[in-house]
Structures are given as C-alpha cells and as structure tokens.
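Student: Pasting target.tsv below, which is TSV, C-alpha atoms and all ligand atoms.
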chain	number	residue	atom	x	y	z
A	453	MET	CA	0.00	0.00	0.00
A	454	VAL	CA	2.76	2.41	0.95
A	455	THR	CA	4.64	1.30	-2.16
A	456	ASP	CA	1.56	1.99	-4.31
A	457	LEU	CA	1.33	5.45	-2.83
A	458	ALA	CA	5.05	6.05	-3.34
A	459	GLU	CA	4.76	4.98	-6.97
A	460	LYS	CA	1.75	7.22	-7.53
A	461	ALA	CA	3.53	10.11	-5.82
A	462	ALA	CA	6.64	9.59	-7.95
A	463	ARG	CA	4.57	9.50	-11.14
A	464	ILE	CA	2.64	12.66	-10.29
A	465	HIS	CA	5.70	14.43	-8.97
A	466	ALA	CA	7.76	13.68	-12.10
A	467	ASP	CA	5.30	15.77	-14.09
A	468	LEU	CA	4.89	18.63	-11.59
A	469	PRO	CA	6.20	22.12	-12.14
A	470	VAL	CA	7.48	22.51	-8.57
A	471	VAL	CA	7.93	26.23	-7.90
A	472	ASP	CA	9.69	27.23	-4.69
A	473	GLY	CA	9.34	30.82	-3.50
A	474	HIS	CA	12.53	31.25	-1.53
A	475	ASN	CA	16.02	29.76	-1.50
A	476	ASP	CA	19.06	31.40	0.08
A	477	LEU	CA	21.81	29.51	-1.77
A	478	ALA	CA	23.27	32.82	-3.01
A	479	TRP	CA	23.70	34.08	0.54
A	480	ALA	CA	25.20	30.75	1.66
A	481	LEU	CA	27.72	30.90	-1.22
A	482	ARG	CA	28.60	34.51	-0.36
A	483	ILE	CA	29.22	33.77	3.31
A	484	ARG	CA	30.77	30.34	3.08
A	485	ALA	CA	32.61	30.40	-0.25
A	486	GLY	CA	33.30	34.09	-0.86
A	487	SER	CA	30.93	33.91	-3.88
A	488	ASP	CA	33.62	31.86	-5.65
A	489	LEU	CA	32.02	29.14	-7.78
A	490	GLU	CA	35.37	27.36	-8.03
A	491	VAL	CA	35.24	26.92	-4.24
A	492	ALA	CA	31.58	25.84	-4.12
A	493	ASP	CA	30.03	24.80	-7.43
A	494	PRO	CA	26.25	24.23	-7.26
A	495	CYS	CA	26.25	22.60	-10.72
A	496	ASN	CA	27.55	19.48	-8.97
A	497	ALA	CA	26.85	17.82	-5.62
A	498	LEU	CA	27.56	20.43	-2.95
A	499	ASP	CA	28.33	18.88	0.42
A	500	GLY	CA	27.08	20.73	3.48
A	501	TYR	CA	24.55	22.81	1.54
A	502	GLN	CA	20.82	22.12	1.14
A	503	THR	CA	20.80	23.02	-2.56
A	504	ASP	CA	22.59	21.98	-5.73
A	505	VAL	CA	21.48	21.37	-9.30
A	506	PRO	CA	21.44	17.55	-9.20
A	507	ARG	CA	19.21	17.65	-6.12
A	508	LEU	CA	16.95	20.33	-7.69
A	509	ALA	CA	16.42	17.87	-10.56
A	510	ALA	CA	15.73	15.01	-8.13
A	511	GLY	CA	13.17	17.20	-6.34
A	512	GLY	CA	11.38	18.01	-9.59
A	513	VAL	CA	11.97	21.74	-9.19
A	514	GLY	CA	10.78	23.51	-12.33
A	515	ALA	CA	11.33	27.05	-11.08
A	516	GLN	CA	13.27	28.46	-8.17
A	517	PHE	CA	13.06	31.99	-6.84
A	518	TRP	CA	16.61	32.68	-5.66
A	519	SER	CA	16.65	35.22	-2.87
A	520	VAL	CA	19.21	37.99	-3.30
A	521	TYR	CA	19.32	38.74	0.42
A	522	ILE	CA	21.53	41.23	2.19
A	523	PRO	CA	21.30	41.93	5.94
A	524	ALA	CA	19.94	45.29	7.11
A	525	TRP	CA	23.31	46.23	8.64
A	526	ASP	CA	25.12	46.05	5.30
A	527	ALA	CA	26.68	49.49	4.68
A	528	THR	CA	26.00	49.41	0.91
A	529	PRO	CA	22.84	47.33	0.53
A	530	LEU	CA	22.03	48.15	-3.10
A	531	ARG	CA	25.57	47.42	-4.29
A	532	SER	CA	25.69	44.19	-2.26
A	533	THR	CA	22.30	43.14	-3.64
A	534	LEU	CA	23.60	43.74	-7.18
A	535	GLU	CA	26.56	41.47	-6.33
A	536	GLN	CA	24.08	38.78	-5.28
A	537	VAL	CA	22.13	39.22	-8.54
A	538	ASP	CA	25.44	38.77	-10.34
A	539	LEU	CA	26.22	35.62	-8.34
A	540	VAL	CA	22.87	34.02	-9.25
A	541	GLY	CA	23.48	35.00	-12.88
A	542	ARG	CA	26.91	33.38	-12.76
A	543	PHE	CA	25.72	30.05	-11.40
A	544	THR	CA	22.66	30.08	-13.67
A	545	SER	CA	24.81	30.41	-16.78
A	546	ARG	CA	27.39	27.96	-15.44
A	547	CYS	CA	25.01	25.06	-14.75
A	548	ASP	CA	23.57	23.21	-17.75
A	549	ASN	CA	20.25	22.50	-16.06
A	550	LEU	CA	19.53	26.09	-15.00
A	551	GLU	CA	18.09	28.76	-17.29
A	552	ALA	CA	17.28	32.36	-16.44
A	553	ALA	CA	13.57	33.19	-16.59
A	554	ALA	CA	12.01	36.64	-16.70
A	555	THR	CA	8.32	35.67	-16.86
A	556	ALA	CA	5.90	32.88	-16.00
A	557	ALA	CA	5.84	31.85	-19.67
A	558	ASP	CA	9.66	31.57	-19.63
A	559	ALA	CA	9.49	29.43	-16.50
A	560	ALA	CA	6.94	27.06	-18.07
A	561	ALA	CA	8.99	26.73	-21.28
A	562	ILE	CA	12.17	26.01	-19.30
A	563	ARG	CA	10.39	23.36	-17.27
A	564	ALA	CA	9.08	21.80	-20.50
A	565	ARG	CA	12.72	21.44	-21.60
A	566	GLY	CA	13.38	19.51	-18.38
A	567	HIS	CA	15.42	22.31	-16.85
A	568	THR	CA	14.98	24.50	-13.76
A	569	ALA	CA	14.05	28.15	-14.25
A	570	SER	CA	16.06	30.69	-12.25
A	571	LEU	CA	13.95	33.56	-10.96
A	572	LEU	CA	15.08	36.36	-8.63
A	573	GLY	CA	13.56	37.89	-5.52
A	574	ALA	CA	15.17	40.56	-3.31
A	575	GLU	CA	14.73	40.25	0.45
A	576	GLY	CA	14.64	43.34	2.67
A	577	GLY	CA	13.31	46.67	1.35
A	578	TYR	CA	16.39	48.56	2.61
A	579	CYS	CA	18.17	47.22	-0.49
A	580	ILE	CA	16.54	49.93	-2.62
A	581	GLU	CA	18.17	52.58	-0.37
A	582	ASP	CA	14.92	54.60	-0.10
A	583	SER	CA	14.87	55.12	-3.84
A	584	LEU	CA	12.30	54.13	-6.47
A	585	ASP	CA	15.18	54.32	-8.92
A	586	GLY	CA	16.95	51.59	-6.92
A	587	LEU	CA	13.75	49.53	-7.14
A	588	ARG	CA	13.57	50.00	-10.92
A	589	ARG	CA	17.25	49.07	-11.32
A	590	LEU	CA	16.59	45.74	-9.60
A	591	ARG	CA	13.55	45.15	-11.84
A	592	HIS	CA	15.66	45.83	-14.95
A	593	LEU	CA	18.03	43.09	-13.80
A	594	GLY	CA	15.16	40.63	-13.61
A	595	VAL	CA	14.32	40.78	-9.89
A	596	ARG	CA	10.65	39.78	-9.79
A	597	TYR	CA	9.76	40.27	-6.14
A	598	LEU	CA	10.77	42.42	-3.21
A	599	THR	CA	10.24	41.24	0.37
A	600	LEU	CA	9.30	44.60	1.87
A	601	THR	CA	11.40	44.09	5.02
A	602	HIS	CA	13.63	41.47	6.56
A	603	ALA	CA	13.96	41.13	10.34
A	604	ASP	CA	14.37	44.86	10.98
A	605	THR	CA	11.87	47.70	10.73
A	606	ILE	CA	13.05	50.06	8.00
A	607	SER	CA	12.37	53.72	7.27
A	608	TRP	CA	9.18	52.92	5.34
A	609	ALA	CA	7.80	49.59	6.65
A	610	ASP	CA	7.43	47.70	9.93
A	611	SER	CA	8.95	44.24	10.34
A	612	ALA	CA	7.25	41.45	12.31
A	613	THR	CA	10.39	40.89	14.40
A	614	ASP	CA	11.32	44.45	15.40
A	615	GLU	CA	9.65	47.47	17.02
A	616	PRO	CA	6.80	48.78	14.86
A	617	ARG	CA	7.39	52.46	14.05
A	618	HIS	CA	4.90	53.24	11.29
A	619	GLY	CA	1.75	51.21	11.94
A	620	GLY	CA	2.42	49.44	8.62
A	621	LEU	CA	3.73	51.38	5.61
A	622	THR	CA	4.66	55.06	5.44
A	623	ASP	CA	3.51	57.23	2.50
A	624	PHE	CA	6.77	56.34	0.74
A	625	GLY	CA	6.11	52.67	1.51
A	626	GLU	CA	2.77	53.01	-0.30
A	627	ASP	CA	4.62	54.60	-3.24
A	628	VAL	CA	6.99	51.60	-3.31
A	629	VAL	CA	4.05	49.18	-3.51
A	630	ARG	CA	2.35	51.20	-6.29
A	631	GLU	CA	5.60	51.41	-8.25
A	632	MET	CA	6.10	47.65	-7.86
A	633	ASN	CA	2.61	47.10	-9.28
A	634	ARG	CA	3.43	49.40	-12.19
A	635	ILE	CA	6.75	47.79	-13.14
A	636	GLY	CA	5.80	44.15	-12.58
A	637	MET	CA	7.50	43.38	-9.31
A	638	ILE	CA	5.57	41.14	-6.91
A	639	VAL	CA	4.94	42.51	-3.42
A	640	ASP	CA	6.24	39.94	-0.89
A	641	ILE	CA	4.69	40.17	2.58
A	642	SER	CA	6.94	37.62	4.31
A	643	HIS	CA	8.81	39.05	7.33
A	644	VAL	CA	6.64	42.16	7.64
A	645	SER	CA	4.36	42.95	10.58
A	646	PRO	CA	0.68	41.97	10.26
A	647	ASP	CA	-0.18	45.68	9.94
A	648	THR	CA	2.28	46.00	7.05
A	649	MET	CA	0.73	42.89	5.46
A	650	ARG	CA	-2.76	44.42	5.70
A	651	HIS	CA	-1.54	47.82	4.50
A	652	ALA	CA	0.30	46.33	1.49
A	653	LEU	CA	-2.77	44.27	0.57
A	654	GLN	CA	-4.90	47.41	0.74
A	655	VAL	CA	-2.59	49.35	-1.59
A	656	SER	CA	-1.56	46.62	-4.06
A	657	ASP	CA	-3.79	46.18	-7.09
A	658	ARG	CA	-1.90	43.02	-8.12
A	659	PRO	CA	-1.76	39.62	-6.43
A	660	VAL	CA	0.92	39.45	-3.70
A	661	ILE	CA	2.96	36.59	-2.30
A	662	ALA	CA	4.33	35.61	1.06
A	663	SER	CA	7.44	33.96	-0.39
A	664	HIS	CA	8.33	31.96	2.74
A	665	SER	CA	5.80	32.10	5.61
A	666	GLY	CA	3.62	29.78	7.66
A	667	ALA	CA	0.21	30.12	9.31
A	668	PHE	CA	0.22	31.93	12.67
A	669	THR	CA	-2.66	29.80	13.97
A	670	LEU	CA	-0.49	26.65	13.80
A	671	ALA	CA	2.84	28.19	14.87
A	672	GLY	CA	2.56	31.47	16.75
A	673	HIS	CA	5.78	33.04	15.49
A	674	PRO	CA	5.35	36.80	14.92
A	675	ARG	CA	6.41	36.53	11.28
A	676	ASN	CA	3.76	33.93	10.38
A	677	VAL	CA	0.54	35.03	8.67
A	678	PRO	CA	-2.64	35.45	10.79
A	679	ASP	CA	-5.94	34.04	9.53
A	680	ASP	CA	-7.52	37.42	8.68
A	681	VAL	CA	-4.55	38.14	6.39
A	682	LEU	CA	-4.83	34.67	4.84
A	683	GLU	CA	-8.41	35.57	3.93
A	684	LEU	CA	-7.26	38.89	2.44
A	685	VAL	CA	-4.58	37.08	0.37
A	686	GLY	CA	-7.35	34.84	-0.95
A	687	GLN	CA	-9.42	37.89	-1.97
A	688	ASN	CA	-6.29	39.43	-3.55
A	689	ASP	CA	-5.72	36.22	-5.60
A	690	GLY	CA	-2.23	35.95	-4.06
A	691	VAL	CA	-0.36	32.98	-2.63
A	692	VAL	CA	1.21	32.17	0.75
A	693	MET	CA	4.23	29.90	0.24
A	694	VAL	CA	4.91	27.65	3.22
A	695	ASN	CA	8.32	27.92	4.94
A	696	PHE	CA	10.02	24.74	6.21
A	697	TYR	CA	12.00	26.32	9.09
A	698	PRO	CA	10.98	24.58	12.35
A	699	ALA	CA	10.43	27.92	14.17
A	700	PHE	CA	7.64	28.75	11.70
A	701	VAL	CA	6.21	25.21	11.55
A	702	SER	CA	5.23	24.04	15.06
A	703	GLN	CA	4.13	25.91	18.17
A	704	ALA	CA	6.84	24.28	20.32
A	705	ALA	CA	9.54	25.20	17.81
A	706	ALA	CA	8.10	28.72	17.44
A	707	GLU	CA	8.52	29.23	21.18
A	708	HIS	CA	12.07	27.84	20.98
A	709	GLY	CA	12.95	30.19	18.10
A	710	ALA	CA	11.04	33.26	19.25
A	711	GLY	CA	14.11	35.35	20.08
A	712	SER	CA	16.36	34.28	17.20
A	713	PHE	CA	16.11	37.47	15.12
A	714	ALA	CA	16.89	39.65	18.16
A	715	LEU	CA	19.74	37.28	19.05
A	716	ALA	CA	21.18	37.55	15.52
A	717	ARG	CA	21.04	41.37	15.76
A	718	ASP	CA	22.81	41.24	19.12
A	719	LEU	CA	25.48	38.84	17.84
A	720	GLN	CA	26.04	41.09	14.83
A	721	LYS	CA	26.74	44.01	17.15
A	722	ARG	CA	29.18	41.93	19.21
A	723	LEU	CA	30.91	39.93	16.45
A	724	GLY	CA	30.48	42.31	13.51
A	725	ASP	CA	30.90	39.59	10.91
A	726	ASP	CA	28.12	37.72	9.09
A	727	ALA	CA	29.97	34.40	8.84
A	728	ALA	CA	30.88	34.49	12.55
A	729	VAL	CA	27.26	35.28	13.47
A	730	GLU	CA	25.95	32.34	11.44
A	731	ALA	CA	28.57	29.98	12.90
A	732	GLU	CA	27.58	31.03	16.42
A	733	LEU	CA	23.87	30.55	15.69
A	734	VAL	CA	24.60	27.04	14.37
A	735	ARG	CA	26.68	26.26	17.47
A	736	LEU	CA	23.90	27.42	19.81
A	737	LEU	CA	21.36	25.34	17.91
A	738	LEU	CA	23.54	22.23	18.18
A	739	GLU	CA	23.61	22.76	21.94
A	740	ASP	CA	19.86	23.27	22.15
A	741	PRO	CA	18.10	21.88	19.05
A	742	PHE	CA	14.53	22.62	17.97
A	743	PRO	CA	11.79	20.21	19.00
A	744	GLU	CA	11.38	17.88	16.01
A	745	VAL	CA	9.04	18.86	13.18
A	746	THR	CA	8.03	16.64	10.27
A	747	VAL	CA	6.71	16.71	6.71
A	748	GLY	CA	3.27	16.21	8.22
A	749	ASP	CA	3.62	19.42	10.24
A	750	VAL	CA	4.51	21.34	7.06
A	751	VAL	CA	1.55	19.81	5.23
A	752	ASP	CA	-0.68	20.92	8.14
A	753	HIS	CA	0.21	24.51	7.12
A	754	ILE	CA	-0.64	23.77	3.49
A	755	GLU	CA	-4.04	22.39	4.56
A	756	HIS	CA	-4.75	25.25	6.97
A	757	ILE	CA	-3.96	27.92	4.39
A	758	ALA	CA	-5.98	26.03	1.75
A	759	HIS	CA	-8.88	25.94	4.22
A	760	VAL	CA	-8.75	29.62	5.21
A	761	ALA	CA	-7.52	31.35	2.02
A	762	GLY	CA	-8.48	28.70	-0.56
A	763	VAL	CA	-6.54	26.00	-2.38
A	764	ASP	CA	-5.64	28.52	-5.10
A	765	HIS	CA	-3.72	30.58	-2.56
A	766	VAL	CA	-1.12	28.24	-1.07
A	767	GLY	CA	2.35	27.28	-2.30
A	768	ILE	CA	5.79	26.33	-1.00
A	769	GLY	CA	8.76	28.54	-0.08
A	770	SER	CA	11.25	26.28	1.65
A	771	ASP	CA	13.90	28.86	2.69
A	772	PHE	CA	16.55	26.16	2.02
A	773	ASP	CA	20.12	27.31	2.63
A	774	GLY	CA	18.76	30.16	4.71
A	775	ILE	CA	17.80	27.79	7.52
A	776	ASP	CA	20.01	26.00	10.02
A	777	ALA	CA	17.45	23.29	10.84
A	778	THR	CA	14.92	21.39	8.72
A	779	PRO	CA	11.91	19.13	9.25
A	780	VAL	CA	12.53	15.39	9.31
A	781	GLY	CA	11.94	14.24	5.73
A	782	LEU	CA	12.51	17.69	4.17
A	783	GLU	CA	16.26	18.02	4.51
A	784	ASP	CA	17.13	19.49	1.11
A	785	VAL	CA	15.80	20.39	-2.36
A	786	SER	CA	15.58	16.73	-3.40
A	787	THR	CA	12.83	16.04	-0.85
A	788	TYR	CA	9.76	17.82	-2.34
A	789	PRO	CA	8.26	14.45	-3.42
A	790	ALA	CA	7.68	13.78	0.31
A	791	ILE	CA	5.09	16.62	0.25
A	792	THR	CA	3.35	15.12	-2.78
A	793	MET	CA	3.30	11.76	-1.01
A	794	GLU	CA	1.87	13.21	2.21
A	795	LEU	CA	-0.84	15.15	0.33
A	796	LEU	CA	-1.83	11.97	-1.53
A	797	ARG	CA	-1.89	10.05	1.73
A	798	ARG	CA	-4.35	12.65	3.07
A	799	GLY	CA	-6.61	12.15	0.07
A	800	TRP	CA	-5.65	15.15	-2.05
A	801	ALA	CA	-6.34	14.88	-5.79
A	802	GLU	CA	-3.66	15.50	-8.40
A	803	PRO	CA	-5.07	18.82	-9.75
A	804	GLU	CA	-4.97	20.41	-6.27
A	805	ILE	CA	-1.48	19.05	-5.63
A	806	ARG	CA	-0.35	20.67	-8.88
A	807	LEU	CA	-1.78	24.00	-7.75
A	808	VAL	CA	0.03	23.95	-4.42
A	809	LEU	CA	3.38	22.73	-5.66
A	810	GLY	CA	3.69	25.20	-8.49
A	811	GLU	CA	0.73	26.39	-10.54
A	812	ASN	CA	-0.53	28.93	-7.99
A	813	ALA	CA	2.85	30.62	-7.85
A	814	LEU	CA	3.11	30.77	-11.64
A	815	ARG	CA	-0.40	32.29	-11.84
A	816	VAL	CA	0.63	35.10	-9.46
A	817	LEU	CA	3.88	35.65	-11.35
A	818	ALA	CA	1.94	35.87	-14.63
A	819	ALA	CA	-0.46	38.37	-13.05
A	820	ASN	CA	2.56	40.57	-12.29
A	821	ASP	CA	4.31	40.08	-15.68
A	901	ZN	ZN	13.70	35.28	5.03
For this file, write the structure as structure tokens.
Tutor:
Amino acid sequence: MVTDLAEKAARIHADLPVVDGHNDLAWALRIRAGSDLEVADPCNALDGYQTDVPRLAAGGVGAQFWSVYIPAWDATPLRSTLEQVDLVGRFTSRCDNLEAAATAADAAAIRARGHTASLLGAEGGYCIEDSLDGLRRLRHLGVRYLTLTHADTISWADSATDEPRHGGLTDFGEDVVREMNRIGMIVDISHVSPDTMRHALQVSDRPVIASHSGAFTLAGHPRNVPDDVLELVGQNDGVVMVNFYPAFVSQAAAEHGAGSFALARDLQKRLGDDAAVEAELVRLLLEDPFPEVTVGDVVDHIEHIAHVAGVDHVGIGSDFDGIDATPVGLEDVSTYPAITMELLRRGWAEPEIRLVLGENALRVLAAND
C-alpha cells in the first residue's frame, strides 16, 4: 500500500512544475565560499549545503526563486544586492540545467525542456536605499519580487520581528508598492508585521505573495501570517508559500525560536561579521536543538492555508540554505516528493497538488508580468 502510494507520488511528482518561493543559496555561497564558484560549485553535488542542481532535478523543481538577500546592517545594501544578482546570474549560466527566466511563460517553457528556471527575488526593502530608482534598477536586472522588510523595521515599513514604528507602511512605503505594481514586481509580505501585510494588501492592485511564511494559527511566530490576512490574500488572488523552518512550523519550535532574530542582531553588534554570526547561531542550535518537526507538520500549514484562504492561494517557499534546521523528511531540495506523497496520503487529488506545488505561484507571477 505504501509502495503503491510512493509509486503514484513519484509519477505525479515527475510531471509537476514545482515552484519554490525562496532559496538562500546565493547568501550561503557569499558567506561560506566568498561567492567563488570554483570553491563551491552548485552545478555538482555540494556537500554541506541544502541546494545543488542535481538535487533540484531530483526534487522536480521547475522554477526556483533565488533570494538575493543582504542583511539590514550592510553598509552598501544596493551594491551588495547587485553582487548577489550577479552571483545568481553566474551560477545560472554555469550550470547546464539552469536557465534564467524573466516571466511565467519563460518558466513554463524552461520546465518543459526539463530544466529548472532561475527567478530572482530581493529580500529586505532597505536594499533599494529609499529610492524608487533603486527599485527599478533591480527590476531591470530581472528581480521579480521584493520582500518589503527582513527582520528589521526600516524607514518605510514595519517588520514582524522588530519594534513597529509606522503602523504598517509610510507614504513612501505606499509609493513603493504602487511602483512595484506598475513595473511588474511582486509585493512579498513575508517578514513584515501583520499591519504592514494588511496595509500592502490594501494598496496593491496586483496579487501578492508571502514567499516563505507559515500560518500563525499553527505556529505562533510573529512573522507567520494570521488568519484574517490569509483571507485577504485569498481575496487578492495571491499565494502564501509555506516555509520549512521549524520555528515557523510548530508551536513548540516557534517558542524555541522566538528570540532568534533579536539574538542575531545582538550577535552582529558583538561579532560584527556575518559568517561568525551564522557559525555562532549554528553552534547554539547544536547545543539546544529545535523540538522535532516533520513533513506532516509542514503539510498541516498547506491544509490550513488552503482551508482559510483557498486552495488557489497556497504554495511552498522552503527557505533552504537560509535555515540552520529542517523538518525530518525535508532536509534538502531533493525532498519535495515527500510533500506530494503526504498530500496523496491525506486524500488530495492530483489537480490540487499541482496548484500547491507550483501552478498557484506561476499564476501570481503571470499576473505581475
Ligand atoms: Zn527570510
């Protein structure tokens, strides 16, 4: 019986256009390999990372949004973000199975060729350096979404994991959202405060995403999405893409990870070096690991969001290579078939599985093309 299910899952999965909303490989390569693809080459098996091209193929990934993330304390965030865009461009052209995509139609055509489409998303609105010109420059380079904040409240938007200062967006923050709508850049409401989520949804006239977020009802971490916002995302025709990080997946892990963004900020002040901060966070987590979470816990988020927002409004945004712990059964980018298998086990039909694992995300991308 389990074998039958596994066979069915493998058959369905082989034909799926898996679209993942958020992967931090570019940041991991910057910190751990100095952005040198001779040191760490994702075209081949990459030990110690959660992502490489052979495993993307094994996971059936048809399109990957690569996050071009830079921390809020970076002194030259736009320049550093451009370096990250360049890094993704370099590994995309280096690896035979990756192809750069600008639109949803590109992504579908690349998947039809059996390759993985490379899409770009920028994380943390400070990267535009308070300038709509900075925003447009990123769009020209193919960046298709902007996560309005990361862990810190910025001059024009409140983060979920910092002091709120604006009650959502400022007037300039509203201008950013309207300009994103105009130029075809998806508004990403991951990381922002619930008030910023509601404010962005009020201003945006295009479907939005949460590129890597869970449901607050199931895991009460401040950066997860509350039910009233899930309903608004449904009305907006957007998509909430479920994050695999334990702190956003189970209530026990959310309590364990509640202070991690503040801790990272504090470590940054003390150590002053991104690689040292990440090494210290990994060391602390080894000492005191998260309570275990599983594929089933992640699928609970998919089902909750499908129930509250609608099955057309849920997707996946693993956060691989931006996370220092993973659910059991979802350890790297080769493991997406485990989600297909769990959804089948719970009685989901193939058309709905296709929506969740990729088609919803492509619909929202197309609506912003
Ligand atoms: Zn993030």
Student: Using all atoms listed in the file, which residues sit within 6 Å of Glu575 of chain A once same-chain residues fewer than 4 positions away are excluded, as a list in words?
Tutor: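 Residues meeting the cut-off are Tyr521, Leu598 and Thr599 of chain A.
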Student: Give me, as a compact mmCIF listing (two decimals) with C-alpha atoms, in the coordinates of the input, all polymer residues having an atom no more than 9 Å from Cys547 of chain A, counting all atoms listed in the file and skipping those fewer than 5 positions away in the same chain.
Tutor:
# COMPACT_ATOMS: atom_id res chain seq x y z
CA ASP A 493 30.03 24.80 -7.43
CA PRO A 494 26.25 24.23 -7.26
CA CYS A 495 26.25 22.60 -10.72
CA ASN A 496 27.55 19.48 -8.97
CA VAL A 505 21.48 21.37 -9.30
CA ARG A 542 26.91 33.38 -12.76
Student: Give the residue list for ligand ZN 901 (chain A) at 8 Å, counting all atoms listed in the file, as a ChimeraX atom specification, sorted by chain and then by residue number.
Tutor: /A:474,575,602-603,642-643,664,771,774
Student: Which of these, A:Leu534, A:Leu682, A:Met793, A:Ala497, has the shortest distance to His756 of chain A once you count only C-alpha atoms?
Tutor: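 Smallest separation from His756 of chain A among the options: A:Leu682.
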Student: Env of Ser786 of chain A: 8 Å cut, atoms = all atoms listed in the file, seq-sep filter 3 positions within chain, self excluded. Answer as a PyMOL selection string.
Tutor: chain A and resi 507-512+789
Student: Could you please determine the separation between atom CA of Gly762 of chain A and atom CA of Glu683 of chain A in Å, to one decimal place?
Tutor: 8.2 Å
Student: Looking at all atoms listed in the file, which of A:Ala553, A:Ile754, A:Val692, A:Val639 is the one that sits closest to Arg798 of chain A?
Tutor: A:Ile754
Student: Applying 8 Å and only C-alpha atoms, which residues near Phe696 of chain A remain after dropping the ones on its own chain fewer than 5 positions away? List them as a PDB file with C-alpha atoms, in the frame of the given file.
Tutor:
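Generated output (result_5.pdb):
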ATOM      1  CA  VAL A 701       6.210  25.210  11.550  1.00  0.00           C
ATOM      2  CA  VAL A 750       4.510  21.340   7.060  1.00  0.00           C
ATOM      3  CA  GLY A 769       8.760  28.540  -0.080  1.00  0.00           C
ATOM      4  CA  SER A 770      11.250  26.280   1.650  1.00  0.00           C
ATOM      5  CA  ASP A 771      13.900  28.860   2.690  1.00  0.00           C
ATOM      6  CA  PHE A 772      16.550  26.160   2.020  1.00  0.00           C
ATOM      7  CA  THR A 778      14.920  21.390   8.720  1.00  0.00           C
ATOM      8  CA  PRO A 779      11.910  19.130   9.250  1.00  0.00           C
ATOM      9  CA  LEU A 782      12.510  17.690   4.170  1.00  0.00           C
TER      10      LEU A 782
END
Student: Separation of atom CA of Gly486 of chain A and atom CA of Ala524 of chain A, in Å?
Tutor: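 Atom CA of Ala524 of chain A lies at a distance of 19.2 Å from atom CA of Gly486 of chain A.
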Student: Kindly indicate which residue among A:Asp821, A:Asn688, A:Ala462, A:Asp604 lies nearest to Met632 of chain A, using all atoms listed in the file for the distances.
Tutor: A:Asp821
Student: Please list as a ChimeraX atom specification every residue within 10 Å of Gly810 of chain A, counting all atoms listed in the file and excluding residues in the same chain fewer than 4 positions away.
Tutor: /A:468-473,513-515,693,766-768,805-806,814-815
Student: Counting only C-alpha atoms, which residues have an atom no more than 9 Å from (12.1, 23.9, 18.4) in the file's coordinates? Please list them as a list in words.
Tutor: Pro698, Ala699, Ser702, Gln703, Ala704, Ala705, Ala706, Glu707, His708, Gly709, Asp740, Pro741, Phe742, Pro743, Glu744 and Val745 of chain A
Student: What is the atom CA of Tyr597 of chain A-atom CA of Ala652 of chain A distance in Å, reported with one decimal?
Tutor: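 It comes out at 13.6 Å.
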Student: Nearest to Asp725 of chain A: which of A:Asp526, A:Asp776, A:Asp784, A:Asp752 is it, counting only C-alpha atoms?
Tutor: A:Asp526
